[in-house]
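For reference, the structure is listed below as structure tokens.
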Amino acid sequence: MGCIGLEWKEPNPLPPVRTRPAGSRLFTRILAIAAAAMVAVGPAAPAHAAPSAADVQQQIEAAWQKLEPVIEQYNKVRSELAANQRRSAELSRRIEPLGKSVEISRTRVQGIVAGYYKQEKSLSTFNALLSRSSSPTALGDQLALVNRVADSEQRQITRLSAQQASYDADKEKVDALILIQQRQQAQLAARKKAIDAEIKRLDALHRQIAAAETTAAAKAAADAAAARAAAAAQSAATASSTSPITSTSSLFIGGKCPAVPITGSGGVAAKTACNQIGEPYVWAADGPDSFDCSGLTQYAWASAGVQLTHYTGAQWTEGTAVSRANLRTGDLVFFYSDHHHMGIYVGNGLIVHAPHTGDVVRMAQLAAMPYSGARRPG
């Protein structure tokens with residue numbers, strides 16, 4: 001019996017598990033920045049003024065530029081783990097009937113051997129075949145015994161060997177996948193713990209800004225609520241339309257989103273992204289009530305029937321390259337040299353994106369961040 005025909009795709013290798021979690025050096029640097037930031041925003045000495053809200057926001061932005069790539073690596077590992085789990089489940093499903101077939105064949109072969117044992121009263125004849133002391137007459141008797149193993153029975157024994165080899169090879173693949181998954185799960189747990197700690201610190205800094213600027217925070221909350229209400233109302237009225245959402249909220253730029261509506265899948269994806277304006281940023285979230293940057297774009301394009309991976313690095317490869325001059329509503333736009341942040345283009349040099357922790361989905365200028373490229377899904 002040949003192999004079972006399941007296409008084997010070797011999963012992307014992960015670095016060996018270390019005593020310190022993957023990315024720990026990066027987090028050490030981040031935590032060093034965090035310590036410095038906390039010192040900066042702590043009680044001021046009598047001779048120095050307390051940092052302004054703008055100073056604190058600048059500290060947050062600096063720390064976030066280091067943290068967001070780590071979050072996207074977490075999304076990458078989580079996506080790979082899900083793929084490995086699907087492969088493992090498929091291999092296990094295919095192996096199960098093969099294992100039963102091997103057991104059936106083994107039972108039949110055992111029956112064949114037991115039958116000849118009863119007939120000859122001893123299995124020593126088989127072992128004597130290799131003995132140099134056997135006489136010609138005895139050797140003839142032994143060969144006659146071997147010939148009594150019918151061709152069909154011999155094929156059955158051969159089939160058992162092939163089945164067992166195939167079973168063992170595929171089982172080895174499943175076992176290898178399980179080991180990789182266990183290592184990935186350990187890495188995910190370590191990364192999640194470190195990310196949560198840094199998010200907690202950044203949230204504390206955001207609360208300082210909110211305490212210092214309560215009026216501005218209240219206005220932003222009101223704008224977010226108004227944006228969600230306007231988006232929900234207009235989405236319900238024009239659910240199948242790509243016409244823009246209009247709003248006076250400060251989260252919109254130019255009062256409507258998309259700025260340049262189009263038909264087709266790009267228009268649907270852009271409209272869906274616009275409908276999420278006002279929803280909070282939550283790292284590793286992909287909707288429907290909170291998002292990170294790649295989770296928002298994945299959610300938006302899923303509404304147009306296109307499945308993307310929840311990871312900026314993967315989405316960079318999941319579409320056709322588009323020049324900046326040829327950007328169209330719905331295109332994925334990427335920022336920074338490692339593409340660790342992204343959004344969805346909505347026309348007129350504007351994007352919709354989920355910025356960072358403590359913020360909400362909003363429109364922004366394409367030129368506000370270091371642009372690194374664009375892709376068009378579908």
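Following the order of the structure tokens, chains are lettered A, B, ..., residues in each are numbered from 1, and ligands are numbered from 1.
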Exercise for the section: From the DSSP assignment of the backbone, select every residue of region 283-338 of chain A that is helix (DSSP H, G or I), and format the answer as a ChimeraX atom specification. Expected result: /A:293-302,312-315,324-326
What would the file look like if the residues just selected were written as a PDB file, in the first residue's frame with C-alpha atoms?
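See again35.pdb below for the written result:
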ATOM      1  CA  CYS A 293      -4.536  47.181  12.818  1.00  0.00           C
ATOM      2  CA  SER A 294      -4.367  43.882  10.887  1.00  0.00           C
ATOM      3  CA  GLY A 295      -7.535  42.624  12.576  1.00  0.00           C
ATOM      4  CA  LEU A 296      -9.441  45.629  11.185  1.00  0.00           C
ATOM      5  CA  THR A 297      -8.265  45.056   7.603  1.00  0.00           C
ATOM      6  CA  GLN A 298      -8.962  41.324   7.874  1.00  0.00           C
ATOM      7  CA  TYR A 299     -12.495  42.062   9.116  1.00  0.00           C
ATOM      8  CA  ALA A 300     -13.123  44.675   6.409  1.00  0.00           C
ATOM      9  CA  TRP A 301     -12.064  42.457   3.512  1.00  0.00           C
ATOM     10  CA  ALA A 302     -13.918  39.414   4.941  1.00  0.00           C
ATOM     11  CA  THR A 312       0.581  42.412   8.783  1.00  0.00           C
ATOM     12  CA  GLY A 313       3.487  40.386   7.374  1.00  0.00           C
ATOM     13  CA  ALA A 314       1.116  37.849   5.815  1.00  0.00           C
ATOM     14  CA  GLN A 315      -1.249  40.492   4.413  1.00  0.00           C
ATOM     15  CA  ARG A 324       1.317  54.874  -4.346  1.00  0.00           C
ATOM     16  CA  ALA A 325       0.233  56.807  -7.444  1.00  0.00           C
ATOM     17  CA  ASN A 326      -2.323  54.097  -8.302  1.00  0.00           C
TER      18      ASN A 326
END
Problem - Coordinates-based distance that separates CA of Met363 (chain A) from CA of Gly347 (chain A) (Å, one decimal) - result: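 A separation of 10.9 Å between them.
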Problem - From A:Ala83, A:Ala374, A:Val346, A:Leu202, residue lying nearest Lys256 (chain A) [only C-alpha atoms] - result: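 Among the listed residues, the smallest separation from Lys256 (chain A) belongs to A:Val346.
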Practice task
Tell me, in Å to one decimal, how far CA of Gly319 (chain A) is from CA of Ala89 (chain A).
Solution key: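 Pair CA of Gly319 (chain A) / CA of Ala89 (chain A) returns 28.5 Å.
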